[in-house]
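For reference, data.cif is printed below; it contains mmCIF, C-alpha atoms.
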```cif
data_query
#
loop_
_atom_site.label_atom_id
_atom_site.label_comp_id
_atom_site.auth_asym_id
_atom_site.auth_seq_id
_atom_site.Cartn_x
_atom_site.Cartn_y
_atom_site.Cartn_z
CA MET A 1 4.45 12.15 -20.11
CA ILE A 2 5.22 10.84 -16.64
CA LEU A 3 1.92 12.27 -15.38
CA VAL A 4 -0.08 10.80 -18.27
CA VAL A 5 1.56 7.39 -17.88
CA PHE A 6 0.89 7.20 -14.17
CA LEU A 7 -2.65 8.55 -14.47
CA ILE A 8 -3.61 6.00 -17.13
CA ALA A 9 -2.04 3.15 -15.16
CA TYR A 10 -3.76 4.27 -11.96
CA LEU A 11 -7.21 4.49 -13.55
CA VAL A 12 -6.82 1.11 -15.25
CA ARG A 13 -5.61 -0.45 -12.02
CA ARG A 14 -8.53 0.91 -10.05
CA ARG A 15 -10.94 -0.51 -12.59
CA LEU A 16 -9.24 -3.92 -12.44
CA ASP A 17 -9.37 -3.88 -8.65
CA GLY A 18 -13.10 -3.27 -8.91
CA TYR A 19 -13.37 -6.50 -10.88
CA ASN A 20 -10.92 -8.32 -8.59
CA ALA A 21 -8.69 -9.03 -11.58
CA VAL A 22 -4.99 -9.21 -12.46
CA SER A 23 -2.73 -9.66 -9.45
CA SER A 24 1.05 -9.68 -9.80
CA ASP A 25 1.51 -11.87 -6.71
CA VAL A 26 1.44 -15.02 -8.83
CA LEU A 27 4.23 -13.68 -11.02
CA TRP A 28 6.38 -12.83 -8.01
CA ARG A 29 5.82 -16.24 -6.44
CA HIS A 30 6.82 -17.94 -9.66
CA TRP A 31 9.90 -15.74 -10.01
CA PHE A 32 10.93 -16.45 -6.39
CA ARG A 33 10.81 -20.22 -6.91
CA LYS A 34 14.54 -19.99 -7.53
CA GLY A 35 14.93 -19.31 -3.82
CA ARG A 36 13.10 -22.40 -2.60
CA VAL A 37 16.32 -24.27 -1.84
CA ALA A 38 18.92 -22.92 0.58
CA LYS A 39 21.90 -24.53 2.23
CA ALA A 40 21.60 -25.45 5.88
CA GLY A 41 22.22 -22.40 8.01
CA ARG A 42 21.83 -20.04 5.05
CA GLU A 43 18.05 -19.67 5.23
CA PRO A 44 18.19 -16.07 6.59
CA GLY A 45 20.36 -14.96 3.66
CA VAL A 46 18.91 -12.10 1.65
CA MET A 47 21.34 -11.63 -1.23
CA ALA A 48 19.60 -14.07 -3.57
CA GLY A 49 16.30 -12.25 -3.15
CA PHE A 50 17.87 -8.85 -3.73
CA VAL A 51 19.46 -10.13 -6.94
CA LEU A 52 16.18 -11.58 -8.22
CA VAL A 53 14.43 -8.26 -7.60
CA ALA A 54 17.26 -6.16 -9.02
CA LEU A 55 17.40 -8.09 -12.30
CA PRO A 56 13.99 -7.04 -13.71
CA ALA A 57 14.44 -3.54 -12.27
CA VAL A 58 17.79 -3.04 -14.02
CA LEU A 59 16.49 -4.63 -17.22
CA ALA A 60 13.52 -2.24 -17.33
CA ALA A 61 15.73 0.77 -16.63
CA VAL A 62 18.19 -0.25 -19.38
CA CYS A 63 15.36 -0.74 -21.89
CA VAL A 64 14.02 2.74 -21.16
CA TYR A 65 17.51 4.22 -21.45
CA ILE A 66 18.17 2.52 -24.81
CA LEU A 67 14.84 3.70 -26.20
CA SER A 68 15.62 7.25 -25.09
CA LEU A 69 19.11 7.05 -26.55
CA TYR A 70 17.80 6.19 -30.00
CA GLY A 71 14.90 8.63 -29.92
CA TRP A 72 12.22 6.01 -29.37
CA ARG A 73 11.31 7.01 -25.83
CA VAL A 74 7.62 7.23 -26.75
CA ALA A 75 7.65 3.50 -27.52
CA GLY A 76 8.46 2.79 -23.89
CA TYR A 77 5.38 4.49 -22.45
CA PRO A 78 2.92 1.64 -23.20
CA LEU A 79 5.39 -0.75 -21.56
CA GLU A 80 5.61 1.48 -18.48
CA ILE A 81 1.82 1.62 -18.26
CA LEU A 82 1.64 -2.17 -18.38
CA VAL A 83 4.34 -2.55 -15.75
CA LEU A 84 2.72 -0.02 -13.41
CA VAL A 85 -0.66 -1.72 -13.77
CA LEU A 86 0.98 -4.98 -12.70
CA LEU A 87 2.95 -3.39 -9.86
CA MET A 88 0.01 -1.53 -8.34
CA GLY A 89 -3.31 -2.81 -7.15
CA ALA A 90 -5.04 -4.54 -4.24
CA PRO A 91 -7.53 -6.92 -5.87
CA GLY A 92 -10.04 -8.55 -3.58
CA TRP A 93 -10.03 -5.89 -0.89
CA ARG A 94 -13.25 -4.20 -1.98
CA LYS A 95 -15.24 -7.41 -1.78
CA SER A 96 -13.82 -8.25 1.66
CA VAL A 97 -14.50 -4.78 3.03
CA GLU A 98 -18.07 -4.73 1.73
CA ALA A 99 -18.82 -8.14 3.23
CA TYR A 100 -17.22 -7.06 6.51
CA SER A 101 -19.29 -3.87 6.64
CA ASP A 102 -22.52 -5.77 5.99
CA ALA A 103 -21.74 -8.30 8.72
CA TRP A 104 -20.84 -5.52 11.16
CA HIS A 105 -24.12 -3.72 10.41
CA LYS A 106 -26.01 -6.93 11.22
CA GLY A 107 -24.08 -7.30 14.47
CA ASP A 108 -22.51 -10.58 13.37
CA MET A 109 -18.92 -9.98 14.45
CA GLN A 110 -17.93 -13.60 13.90
CA ALA A 111 -18.93 -13.36 10.24
CA ALA A 112 -17.16 -10.00 9.97
CA TRP A 113 -13.97 -11.59 11.28
CA HIS A 114 -14.35 -14.49 8.86
CA HIS A 115 -14.50 -12.13 5.87
CA ILE A 116 -11.29 -10.24 6.67
CA GLN A 117 -9.03 -12.57 8.64
CA ASP A 118 -6.98 -13.50 5.57
CA ARG A 119 -6.32 -9.81 4.88
CA LEU A 120 -4.51 -9.32 8.17
CA PRO A 121 -0.87 -10.06 9.03
CA ALA A 122 -0.42 -13.52 10.50
CA ALA A 123 0.59 -12.05 13.87
CA GLU A 124 -2.75 -10.23 14.18
CA ARG A 125 -5.18 -12.89 13.03
CA GLY A 126 -5.65 -14.19 16.55
CA ALA A 127 -5.64 -10.82 18.25
CA ALA A 128 -9.23 -9.72 17.57
CA ALA A 129 -10.58 -10.34 21.07
CA SER A 130 -13.09 -7.52 20.61
CA PRO A 131 -14.79 -5.72 17.71
CA GLU A 132 -12.71 -2.63 18.46
CA VAL A 133 -9.40 -4.47 18.13
CA MET A 134 -10.59 -6.29 15.02
CA HIS A 135 -11.63 -3.06 13.34
CA LEU A 136 -8.37 -1.27 14.11
CA SER A 137 -6.41 -4.24 12.78
CA LEU A 138 -8.38 -4.16 9.54
CA SER A 139 -8.04 -0.38 9.17
CA ARG A 140 -4.29 -0.61 9.69
CA ALA A 141 -3.97 -3.43 7.16
CA LEU A 142 -6.10 -1.57 4.61
CA MET A 143 -4.08 1.64 4.83
CA LEU A 144 -0.77 -0.21 4.73
CA THR A 145 -1.84 -2.20 1.68
CA VAL A 146 -3.03 0.86 -0.24
CA PHE A 147 0.11 2.77 0.70
CA GLN A 148 2.42 -0.02 -0.43
CA ARG A 149 0.51 -0.91 -3.59
CA PHE A 150 -0.16 2.64 -4.81
CA PHE A 151 1.59 5.51 -3.05
CA LEU A 152 4.94 3.78 -2.62
CA ILE A 153 5.01 2.72 -6.27
CA ALA A 154 4.00 6.22 -7.38
CA PHE A 155 6.74 7.86 -5.30
CA TRP A 156 9.59 5.72 -6.58
CA TYR A 157 8.31 5.85 -10.15
CA VAL A 158 8.40 9.64 -10.10
CA VAL A 159 11.78 9.72 -8.35
CA GLY A 160 13.63 7.08 -10.33
CA GLY A 161 11.47 5.74 -13.13
CA VAL A 162 10.03 2.33 -13.72
CA GLY A 163 13.21 0.58 -12.59
CA LEU A 164 12.99 1.88 -9.03
CA ALA A 165 9.25 1.22 -8.98
CA ILE A 166 9.88 -2.44 -9.84
CA PHE A 167 12.60 -2.68 -7.19
CA ALA A 168 10.36 -1.18 -4.49
CA ARG A 169 7.48 -3.51 -5.36
CA GLY A 170 9.89 -6.42 -5.47
CA LEU A 171 11.05 -5.75 -1.91
CA LEU A 172 7.44 -5.83 -0.76
CA ALA A 173 6.97 -9.14 -2.55
CA LEU A 174 10.11 -10.53 -0.88
CA ALA A 175 8.80 -9.59 2.57
CA GLU A 176 5.50 -11.33 1.83
CA GLN A 177 6.36 -14.28 -0.42
CA TRP A 178 10.05 -15.23 -0.24
CA PRO A 179 10.18 -19.03 0.20
CA GLN A 180 12.66 -18.88 3.10
CA ALA A 181 10.57 -17.49 5.95
CA ALA A 182 13.66 -16.80 8.06
CA ALA A 183 14.75 -14.08 5.61
CA ARG A 184 11.43 -12.24 5.45
CA PRO A 185 12.00 -10.05 8.56
CA ARG A 186 15.17 -8.69 6.96
CA TYR A 187 13.32 -7.91 3.76
CA LEU A 188 10.60 -6.26 5.83
CA LYS A 189 13.23 -4.03 7.40
CA ALA A 190 14.36 -3.01 3.92
CA CYS A 191 10.74 -2.18 3.09
CA GLU A 192 10.62 0.11 6.13
CA TRP A 193 13.66 1.98 4.84
CA ILE A 194 12.27 2.56 1.36
CA SER A 195 8.94 3.61 2.92
CA TRP A 196 10.40 6.12 5.37
CA ILE A 197 10.16 9.22 3.16
CA PRO A 198 6.99 8.41 1.16
CA VAL A 199 4.94 7.46 4.23
CA ARG A 200 5.78 10.77 5.86
CA LEU A 201 4.85 12.61 2.70
CA LEU A 202 1.55 10.75 2.76
CA SER A 203 1.13 11.71 6.41
CA ILE A 204 1.44 15.37 5.44
CA THR A 205 -1.02 14.75 2.63
CA PHE A 206 -3.51 13.35 5.15
CA GLY A 207 -3.42 16.71 6.89
CA ILE A 208 -4.08 18.53 3.62
CA ALA A 209 -6.83 16.17 2.50
CA GLY A 210 -8.44 15.80 5.94
CA ASP A 211 -8.77 17.69 9.19
CA LEU A 212 -5.62 19.83 9.30
CA SER A 213 -6.09 21.02 12.87
CA GLY A 214 -6.60 17.47 14.12
CA TRP A 215 -3.61 16.27 12.14
CA LEU A 216 -1.39 19.01 13.61
CA GLY A 217 -2.28 17.80 17.08
CA GLU A 218 -1.54 14.14 16.40
CA ALA A 219 0.97 13.65 13.62
CA LYS A 220 4.02 15.60 14.73
CA ALA A 221 5.37 12.70 16.74
CA ALA A 222 4.67 10.30 13.86
CA ILE A 223 6.59 12.36 11.31
CA LEU A 224 9.56 13.12 13.53
CA GLY A 225 9.78 9.66 15.05
CA ILE A 226 12.65 8.03 13.21
CA SER A 227 11.89 4.57 14.56
CA LYS A 228 8.14 4.70 13.91
CA LYS A 229 6.99 1.87 11.67
CA THR A 230 5.08 2.60 8.48
CA SER A 231 1.81 1.26 9.87
CA GLU A 232 2.17 3.37 13.02
CA VAL A 233 2.73 6.56 11.02
CA LEU A 234 -0.33 5.81 8.90
CA MET A 235 -2.61 5.08 11.86
CA ILE A 236 -1.53 8.10 13.90
CA SER A 237 -1.79 10.46 10.93
CA ALA A 238 -5.13 9.12 9.73
CA ASN A 239 -6.60 9.22 13.24
CA GLY A 240 -5.72 12.91 13.50
CA SER A 241 -7.00 13.69 10.00
CA LEU A 242 -10.39 11.99 10.34
CA THR A 243 -13.34 13.39 12.25
CA GLY A 244 -16.18 11.63 14.03
CA TYR A 245 -13.89 9.17 15.88
CA ALA A 246 -13.54 7.13 12.68
CA LEU A 247 -10.47 5.36 14.04
CA ASP A 248 -11.44 5.41 17.70
CA PRO A 249 -14.15 2.74 18.01
CA ALA A 250 -14.08 2.65 21.80
CA ARG A 251 -14.81 6.36 22.10
CA PHE A 252 -17.37 6.24 19.28
CA SER A 253 -19.30 3.52 21.11
CA ARG A 254 -19.46 5.71 24.22
CA VAL A 255 -20.42 8.93 22.42
CA HIS A 256 -22.78 7.41 19.81
CA PRO A 257 -24.00 4.07 21.18
CA ASP A 258 -27.14 4.17 19.02
CA GLU A 259 -25.06 4.31 15.82
CA TRP A 260 -22.67 1.48 16.68
CA ALA A 261 -24.17 -0.83 14.03
CA SER A 262 -23.14 1.58 11.26
CA PHE A 263 -19.67 2.30 12.63
CA GLY A 264 -17.78 -0.38 10.69
CA GLY A 265 -18.95 0.73 7.26
CA ARG A 266 -18.74 4.45 8.05
CA SER A 267 -15.23 4.16 9.42
CA LEU A 268 -13.88 2.24 6.44
CA SER A 269 -15.62 4.62 4.04
CA ALA A 270 -13.92 7.54 5.79
CA VAL A 271 -10.53 5.83 5.53
CA ARG A 272 -10.98 5.04 1.84
CA ASP A 273 -12.18 8.58 1.10
CA LEU A 274 -9.11 9.99 2.85
CA LEU A 275 -6.82 7.76 0.81
CA ASN A 276 -8.60 8.70 -2.43
CA ARG A 277 -8.35 12.41 -1.68
CA SER A 278 -4.69 11.99 -0.79
CA MET A 279 -3.98 10.33 -4.14
CA LEU A 280 -5.74 13.24 -5.84
CA VAL A 281 -3.44 15.63 -3.98
CA TRP A 282 -0.39 13.64 -5.13
CA ILE A 283 -1.60 13.73 -8.73
CA CYS A 284 -2.13 17.50 -8.53
CA VAL A 285 1.34 18.00 -7.06
CA LEU A 286 2.82 15.82 -9.79
CA ALA A 287 1.03 17.93 -12.39
CA LEU A 288 2.54 21.08 -10.88
CA LEU A 289 6.01 19.50 -10.90
CA VAL A 290 5.58 18.57 -14.56
CA ILE A 291 4.45 22.10 -15.44
CA ALA A 292 7.43 23.53 -13.56
CA GLY A 293 9.78 21.21 -15.44
CA VAL A 294 11.03 19.49 -12.29
CA VAL A 295 10.10 16.01 -13.53
#
```

Once you've parsed the file, please lay out its structure as structure tokens.
Amino acid sequence: MILVVFLIAYLVRRRLDGYNAVSSDVLWRHWFRKGRVAKAGREPGVMAGFVLVALPAVLAAVCVYILSLYGWRVAGYPLEILVLVLLMGAPGWRKSVEAYSDAWHKGDMQAAWHHIQDRLPAAERGAAASPEVMHLSLSRALMLTVFQRFFLIAFWYVVGGVGLAIFARGLLALAEQWPQAAARPRYLKACEWISWIPVRLLSITFGIAGDLSGWLGEAKAAILGISKKTSEVLMISANGSLTGYALDPARFSRVHPDEWASFGGRSLSAVRDLLNRSMLVWICVLALLVIAGVV
């Protein structure tokens, strides 16, 4: 049933994202209100956040265990579907990307920047000195968001059930929304640790779902690099797996100057198609694992 549960949750979540509906960020912010007050000098402390994330994760895991113990495991599947729908998702991204692509096609880079600036990390919002830099920043943010909101949740759900999925998503929420900003870099480091294995699995999937020969030439360093950040692994792997200089705007502008107006939309479409094909590969592998009795 793990395949059926995840597949239903994934399809529902994709439909909700299309309507820009149901985001769990509000729930996390409300839950983290307990961390608004910290003693002087204790702002970088992370224990309170870990406890707040661990509580719902442990509670969900215990509920599933009790249901299984008494032979009512099937009653937990609708709850898992609901939880996964809330954990996954990137509402609002489709609308931003479409508006960005339209503005790029019209040559209005200022409008393009306006549509996507809120989607970028704070450190990169002032870095778009050129269309090339702006586009690479957006592509990196898009891939990182989809990885964290879908692939990361899927990996830990398959590995450890809904409890680990909640904990993984909770760490991401801590890094983004914890009231004490001084503690967020430490939570972000924890997110890098829990992403280390799944992002490298996704990197391999990029090679399978994209240009394998290009991926072999680019991604070896990304996979083997222990200190590589999640976003770096994604960008290097995707750049090798995509053809047509989809993530190399500077080279594209030199090779195909007449098609520059369509580059923004084409590049993002290529990235989204690669991510969609990669999720299909993960679903197929999960199906094989279920058939083999591994999960």

task: Determine the residue membership of the PyMOL selection byres ((chain A and resi 264) around 8) for the file above and supply it as a ChimeraX atom specification.
output: /A:100-101,104-105,135,260-263,265-268

Tell me which protein, DNA and RNA residues are within 6 Å of segment 223-240 of chain A, counting only C-alpha atoms, leaving out same-chain ones fewer than 5 positions away, and put them as a PDB file with C-alpha atoms, keeping the file's coordinate frame.
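Final file, result_6.pdb:
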```
ATOM      1  CA  LEU A 144      -0.770  -0.210   4.730  1.00  0.00           C
ATOM      2  CA  ARG A 200       5.780  10.770   5.860  1.00  0.00           C
ATOM      3  CA  SER A 203       1.130  11.710   6.410  1.00  0.00           C
ATOM      4  CA  GLY A 214      -6.600  17.470  14.120  1.00  0.00           C
ATOM      5  CA  TRP A 215      -3.610  16.270  12.140  1.00  0.00           C
ATOM      6  CA  GLU A 218      -1.540  14.140  16.400  1.00  0.00           C
ATOM      7  CA  LEU A 247     -10.470   5.360  14.040  1.00  0.00           C
TER       8      LEU A 247
END
```

- prompt: Expanded to explicit residues, what is the PyMOL selection byres ((chain A and resi 166-179) around 9) for this file, as an MDAnalysis selection string?
  reply: chainID A and resid 25 28:29 32:37 49:50 52:58 60 83:84 87:88 148:149 152:153 156:157 161:165 180:191 194:195

query: Could you spell out the hits of the PyMOL selection byres ((chain A and resi 204-209) around 12) on the shown file, as number ranges by chain?
result: A: 143, 151, 197-203, 210-220, 222-224, 233-243, 270-285

Any idea what's packed within 10 Å of Glu132 of chain A, counting all atoms listed in the file, ignoring anything in its chain fewer than 6 positions away? Could you give it as a JSON list (two decimals) with C-alpha atoms, keeping the file's coordinate frame?
```json
[["chain", "number", "residue", "atom", "x", "y", "z"],
["A", 247, "LEU", "CA", -10.47, 5.36, 14.04],
["A", 248, "ASP", "CA", -11.44, 5.41, 17.70],
["A", 249, "PRO", "CA", -14.15, 2.74, 18.01],
["A", 250, "ALA", "CA", -14.08, 2.65, 21.80],
["A", 251, "ARG", "CA", -14.81, 6.36, 22.10],
["A", 253, "SER", "CA", -19.30, 3.52, 21.11],
["A", 264, "GLY", "CA", -17.78, -0.38, 10.69]]
```

Shell of 10 Å around Val97 of chain A, all atoms listed in the file, local chain residues under 3 positions omitted, as JSON, numbers by chain: {"A": [92, 93, 94, 100, 101, 102, 103, 112, 115, 116, 119, 138, 139, 142, 264, 265, 268, 269]}

Requested write-out: C-alpha atoms of the selected residues, as a PDB file, in the frame of the given file:
```pdb
ATOM      1  CA  GLY A  92     -10.040  -8.550  -3.580  1.00  0.00           C
ATOM      2  CA  TRP A  93     -10.030  -5.890  -0.890  1.00  0.00           C
ATOM      3  CA  ARG A  94     -13.250  -4.200  -1.980  1.00  0.00           C
ATOM      4  CA  TYR A 100     -17.220  -7.060   6.510  1.00  0.00           C
ATOM      5  CA  SER A 101     -19.290  -3.870   6.640  1.00  0.00           C
ATOM      6  CA  ASP A 102     -22.520  -5.770   5.990  1.00  0.00           C
ATOM      7  CA  ALA A 103     -21.740  -8.300   8.720  1.00  0.00           C
ATOM      8  CA  ALA A 112     -17.160 -10.000   9.970  1.00  0.00           C
ATOM      9  CA  HIS A 115     -14.500 -12.130   5.870  1.00  0.00           C
ATOM     10  CA  ILE A 116     -11.290 -10.240   6.670  1.00  0.00           C
ATOM     11  CA  ARG A 119      -6.320  -9.810   4.880  1.00  0.00           C
ATOM     12  CA  LEU A 138      -8.380  -4.160   9.540  1.00  0.00           C
ATOM     13  CA  SER A 139      -8.040  -0.380   9.170  1.00  0.00           C
ATOM     14  CA  LEU A 142      -6.100  -1.570   4.610  1.00  0.00           C
ATOM     15  CA  GLY A 264     -17.780  -0.380  10.690  1.00  0.00           C
ATOM     16  CA  GLY A 265     -18.950   0.730   7.260  1.00  0.00           C
ATOM     17  CA  LEU A 268     -13.880   2.240   6.440  1.00  0.00           C
ATOM     18  CA  SER A 269     -15.620   4.620   4.040  1.00  0.00           C
TER      19      SER A 269
END
```

For segment 71-79 of chain A, take all atoms listed in the file, fit an axis-aligned box around them, add 8 Å to each of the six sides, then output centre and edge lengths in Å rounded to one decimal, as AutoDock Vina command-line options.
```
--center_x 8.9 --center_y 3.9 --center_z -25.7 --size_x 28.0 --size_y 25.4 --size_z 24.4
```

message: Report, in Å to a single decimal, how far apart atom CA of Val290 of chain A and atom CA of Leu7 of chain A are.
response: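 Separation of atom CA of Leu7 of chain A and atom CA of Val290 of chain A: 13.0 Å.
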
query: If you measure from atom CA of Val64 of chain A to atom CA of Gly160 of chain A, what distance in Å do you get, rounded to one decimal?
result: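 Here the two named atoms are 11.7 Å from each other.
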
message: I'd like to know which of A:Met134, A:Ser23, A:Val158, A:Ala61 is closest to Ala287 of chain A, using all atoms listed in the file.
response: A:Val158

query: What is the atom CA of Ser68 of chain A to atom CA of Val294 of chain A distance in Å?
result: 18.3 Å

Nearby residues (only C-alpha atoms) at most 9 Å from Arg13 of chain A, same-chain spacing under 4 positions excluded, as a PDB file with C-alpha atoms, keeping the file's coordinate frame:
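Okay, result.pdb is ready:
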```pdb
ATOM      1  CA  ILE A   8      -3.610   6.000 -17.130  1.00  0.00           C
ATOM      2  CA  ALA A   9      -2.040   3.150 -15.160  1.00  0.00           C
ATOM      3  CA  ASP A  17      -9.370  -3.880  -8.650  1.00  0.00           C
ATOM      4  CA  GLY A  18     -13.100  -3.270  -8.910  1.00  0.00           C
ATOM      5  CA  VAL A  22      -4.990  -9.210 -12.460  1.00  0.00           C
ATOM      6  CA  LEU A  84       2.720  -0.020 -13.410  1.00  0.00           C
ATOM      7  CA  VAL A  85      -0.660  -1.720 -13.770  1.00  0.00           C
ATOM      8  CA  LEU A  86       0.980  -4.980 -12.700  1.00  0.00           C
ATOM      9  CA  MET A  88       0.010  -1.530  -8.340  1.00  0.00           C
ATOM     10  CA  GLY A  89      -3.310  -2.810  -7.150  1.00  0.00           C
ATOM     11  CA  ALA A  90      -5.040  -4.540  -4.240  1.00  0.00           C
TER      12      ALA A  90
END
```

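With only C-alpha atoms as the basis for measurement, A:Lys95 is the residue among A:Tyr77, A:Tyr70, A:Val133, A:Lys95 that approaches Tyr19 of chain A most closely.
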
message: List the spatial neighbours of Ala141 of chain A as a list in words - criterion: any atom at most 9 Å away, only C-alpha atoms, same-chain residues fewer than 4 positions off excluded.
response: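 The contact residues come out as Arg119, Leu120, Pro121, Leu136, Ser137, Thr145, Val146 and Ser231 of chain A.
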
task: Point out the residue among A:Asp108, A:Phe150, A:Ile2, A:Val46 with the least atom-to-atom distance to Arg14 of chain A, counting only C-alpha atoms.
output: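 Of A:Asp108, A:Phe150, A:Ile2, A:Val46, the one nearest Arg14 of chain A, counting only C-alpha atoms, is A:Phe150.
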
message: Taking all atoms listed in the file into account, name the residue in A:Glu124, A:Pro257, A:Met1, A:Asn20 that is nearest to Arg140 of chain A.
response: A:Glu124

query: Which residue out of A:Trp193, A:Ser96, A:Tyr245, A:Ala48 has the minimum interatomic distance to His114 of chain A when only C-alpha atoms are used?
result: A:Ser96
